[in-house]
Amino acid sequence: MKKIVIAIDGYSGTGKSSTAKQVAAGLGYTYIDSGAMYRAVTYFFLQEGIDFSDDNQVNNSLKNCNISFDGPSIFLNGEDVDHQIRTMKVNQNVSQVSAISEVRKKLVEQQRRMGEAKGVVMDGRDIGTIVFPKAELKVFMTADMDVRAERRRKELAKKGIKEDLETIKANLEKRDKIDSTRADSPLKKADDAKEIDTSHLTLNQQIDKIVEMAESIIYEG
């Protein structure tokens with residue numbers, strides 16, 4: 001049975017990470033949350049008081065920023081930071097950090113190494129366009145803004161973080177603009193990606209759709 005790379009891109013709150021994680025589990029693949037990697041760098045910069053606009057500070061700080069995964073958990077310099085990187089403070093700054101070319105260069109190189117053996121599902125914003133432009137299956141996920149905001153509110157609530165819905169919506173809109181207009185690796189649908197609007201789909205329906213797409217490629221011929 002051949003192994004493939006599955007690239008899932010799209011906007012925040014469309015269900016990318018939850019779907020990608022379960023698709024990987026269903027196929028026996030490795031799940032890589034690229035967004036968590038950018039969040040970890042953002043969290044590190046905030047902890048270190050780094051000025052995002054200062055190239056020297058950014059480059060020197062990146063040398064001391066080591067990211068790794070152990071199953072679904074992400075580690076920053078050996079510390080499990082899965083909870084710390086999901087706060088609104090990180091949400092409000094991650095798009096700005098993600099737009100820094102040196103940050104993208106470092107993480108894209110690491111992401112490509114992670115996918116060399118294939119059998120991976122990776123989600124993010126530039127996976128199908130930049131990280132794995134030759135991925136066998138590319139998916140681009142969208143959803144209505146109100147649906148996305150409510151999903152993010154529930155996600156934060158589960159982690160004990162209470163945020164106003166309008167604040168969340170404003171943050172999502174700001175991130176959309178930054179992600180879609182940045183000069184380096186902007187968020188956009190790859191020409192050969194399959195688009196899925198998740199506004200009225202359950203999580204299981206999203207997972208089933210992508211698993212079906214993947215299996216048609218894995219078992220073709």
# chains A, B, ... in the order shown; residues from 1 in each chain; ligands from 1
$ residues_around --residues "A:Lys194" --least-positions-apart "4" --cutoff "12 Å" --atoms "only C-alpha atoms" --output "count of residues only"
19
$ residues_around --residues "A:Asp82" --least-positions-apart "3" --cutoff "8 Å" --atoms "only C-alpha atoms" --output "MDAnalysis selection string"
chainID A and resid 36 73:75 85:86
$ closest_residue --among "A:Leu62, A:Ala193, A:Met122, A:Ile217" --to "A:Thr30" --atoms "only C-alpha atoms"
A:Met122
$ select_by_dssp --residues "stretch 75-203 of chain A" --states "strand (DSSP E)" --output "JSON, numbers by chain"
{"A": [75, 76, 79, 80, 120, 121, 122, 123, 124, 137, 138, 139, 140, 141, 142, 194, 195, 196, 197]}
$ select_by_dssp --residues "stretch 3-66 of chain A" --states "alpha helix (DSSP H)" --output "ChimeraX atom specification"
/A:16-27,34-48,55-62
$ residues_around --residues "stretch 53-56 of chain A" --least-positions-apart "4" --cutoff "10 Å" --atoms "only C-alpha atoms" --output "ChimeraX atom specification"
/A:60-62,96-97,100-102
$ residues_around --residues "A:Ser185" --least-positions-apart "3" --cutoff "12 Å" --atoms "only C-alpha atoms" --output "number ranges by chain"
A: 95, 98-105, 108, 124-131, 133, 178-182, 188-190
$ write_last_selection --atoms "C-alpha atoms" --output "PDB file, in the first residue's frame"
ATOM      1  CA  SER A  95      -0.261  35.962  12.227  1.00  0.00           C
ATOM      2  CA  SER A  98       3.949  33.888  10.848  1.00  0.00           C
ATOM      3  CA  ALA A  99       4.553  36.678   8.335  1.00  0.00           C
ATOM      4  CA  ILE A 100       8.254  36.942   9.293  1.00  0.00           C
ATOM      5  CA  SER A 101      10.312  35.379   6.482  1.00  0.00           C
ATOM      6  CA  GLU A 102      13.017  33.909   8.723  1.00  0.00           C
ATOM      7  CA  VAL A 103      10.397  32.223  10.909  1.00  0.00           C
ATOM      8  CA  ARG A 104       8.695  30.698   7.862  1.00  0.00           C
ATOM      9  CA  LYS A 105      12.021  29.569   6.409  1.00  0.00           C
ATOM     10  CA  VAL A 108       9.079  25.120   6.432  1.00  0.00           C
ATOM     11  CA  GLY A 124      -1.869  24.941   7.989  1.00  0.00           C
ATOM     12  CA  ARG A 125      -2.087  27.818   5.549  1.00  0.00           C
ATOM     13  CA  ASP A 126       0.622  27.139   2.987  1.00  0.00           C
ATOM     14  CA  ILE A 127       1.005  23.354   3.115  1.00  0.00           C
ATOM     15  CA  GLY A 128      -0.364  22.636  -0.363  1.00  0.00           C
ATOM     16  CA  THR A 129       1.176  25.720  -1.965  1.00  0.00           C
ATOM     17  CA  ILE A 130       4.631  26.003  -0.359  1.00  0.00           C
ATOM     18  CA  VAL A 131       5.530  23.162   2.023  1.00  0.00           C
ATOM     19  CA  PRO A 133       3.343  21.561  -3.541  1.00  0.00           C
ATOM     20  CA  ILE A 178      -2.733  39.349   7.505  1.00  0.00           C
ATOM     21  CA  ASP A 179      -2.500  35.719   6.374  1.00  0.00           C
ATOM     22  CA  SER A 180      -4.010  36.376   2.940  1.00  0.00           C
ATOM     23  CA  THR A 181      -1.999  39.505   2.111  1.00  0.00           C
ATOM     24  CA  ARG A 182       1.454  38.754   3.506  1.00  0.00           C
ATOM     25  CA  LYS A 188      -4.547  30.786  -0.642  1.00  0.00           C
ATOM     26  CA  LYS A 189      -6.130  27.743  -2.218  1.00  0.00           C
ATOM     27  CA  ALA A 190      -3.762  25.640  -4.333  1.00  0.00           C
TER      28      ALA A 190
END
$ residues_around --residues "A:Glu155" --least-positions-apart "5" --cutoff "12 Å" --atoms "only C-alpha atoms" --output "short mmCIF file (atom, residue, chain, number, x, y, z; two decimals) with N, CA and C atoms, in the first residue's frame"
data_model
loop_
_atom_site.label_atom_id
_atom_site.label_comp_id
_atom_site.auth_asym_id
_atom_site.auth_seq_id
_atom_site.Cartn_x
_atom_site.Cartn_y
_atom_site.Cartn_z
N SER A 12 -8.76 29.83 9.96
CA SER A 12 -8.95 29.44 11.36
C SER A 12 -10.42 29.19 11.64
N GLY A 13 -10.71 28.17 12.43
CA GLY A 13 -12.07 27.90 12.83
C GLY A 13 -12.88 27.10 11.84
N THR A 14 -12.22 26.55 10.83
CA THR A 14 -12.93 25.73 9.85
C THR A 14 -12.90 24.26 10.22
N GLY A 15 -12.16 23.92 11.27
CA GLY A 15 -12.06 22.53 11.70
C GLY A 15 -10.84 21.81 11.17
N SER A 17 -7.58 21.49 12.12
CA SER A 17 -6.75 20.68 13.03
C SER A 17 -7.49 19.45 13.55
N SER A 18 -8.74 19.65 14.00
CA SER A 18 -9.53 18.52 14.52
C SER A 18 -9.72 17.47 13.44
N HIS A 83 -0.98 23.78 25.93
CA HIS A 83 -2.01 24.65 26.52
C HIS A 83 -1.63 26.13 26.37
N ARG A 86 -2.43 28.24 23.10
CA ARG A 86 -3.81 28.39 22.64
C ARG A 86 -4.51 29.61 23.25
N THR A 87 -3.78 30.47 23.92
CA THR A 87 -4.39 31.63 24.56
C THR A 87 -4.69 32.73 23.53
N MET A 88 -5.56 33.68 23.92
CA MET A 88 -5.88 34.79 23.03
C MET A 88 -4.65 35.66 22.77
N ARG A 148 -17.27 29.99 12.29
CA ARG A 148 -15.86 29.90 12.72
C ARG A 148 -15.66 30.50 14.11
N ALA A 149 -16.26 31.67 14.33
CA ALA A 149 -16.11 32.35 15.62
C ALA A 149 -16.70 31.53 16.76
N GLU A 150 -17.87 30.95 16.52
CA GLU A 150 -18.51 30.13 17.56
C GLU A 150 -17.69 28.89 17.85
N GLY A 160 -10.85 26.36 29.33
CA GLY A 160 -11.02 27.24 30.49
C GLY A 160 -10.78 28.70 30.18
N ILE A 161 -10.79 29.06 28.90
CA ILE A 161 -10.54 30.44 28.49
C ILE A 161 -11.85 31.05 27.99
N LYS A 162 -12.32 32.09 28.66
CA LYS A 162 -13.58 32.74 28.27
C LYS A 162 -13.28 34.01 27.47
N GLU A 163 -13.84 34.08 26.27
CA GLU A 163 -13.65 35.26 25.42
C GLU A 163 -14.96 35.66 24.77
N LEU A 165 -17.54 36.76 21.98
CA LEU A 165 -17.67 36.30 20.60
C LEU A 165 -17.23 37.37 19.60
N ILE A 168 -13.46 37.53 19.43
CA ILE A 168 -12.96 36.39 18.66
C ILE A 168 -13.14 36.64 17.16
#
$ closest_atom_pairs --of "stretch 89-119 of chain A" --to "stretch 39-47 of chain A" --cutoff "7 Å" --atoms "only C-alpha atoms" --output "JSON lines"
{"residue": "A:Val90", "atom": "CA", "partner": "A:Tyr43", "partner_atom": "CA", "distance": 6.1}
{"residue": "A:Asn93", "atom": "CA", "partner": "A:Thr42", "partner_atom": "CA", "distance": 6.8}
{"residue": "A:Val94", "atom": "CA", "partner": "A:Thr42", "partner_atom": "CA", "distance": 5.6}
{"residue": "A:Val97", "atom": "CA", "partner": "A:Thr42", "partner_atom": "CA", "distance": 6.1}
$ write_last_selection --atoms "C-alpha atoms" --output "PDB file, in the first residue's frame"
ATOM      1  CA  VAL A  90      -0.923  34.092  21.171  1.00  0.00           C
ATOM      2  CA  ASN A  93       0.127  37.808  17.596  1.00  0.00           C
ATOM      3  CA  VAL A  94       0.585  34.567  15.663  1.00  0.00           C
ATOM      4  CA  VAL A  97       4.978  36.261  13.655  1.00  0.00           C
TER       5      VAL A  97
END
$ atom_distance --atom1 "atom CA of A:Asp146" --atom2 "atom CA of A:Thr202"
15.6 Å
$ closest_residue --among "A:Val121, A:Ile67, A:Val58, A:Ile4" --to "A:Ile32" --atoms "only C-alpha atoms"
A:Val121
$ atom_distance --atom1 "atom CA of A:Glu215" --atom2 "atom CA of A:Tyr31"
16.6 Å
$ atom_distance --atom1 "atom CA of A:Glu116" --atom2 "atom CA of A:Asp192"
20.8 Å
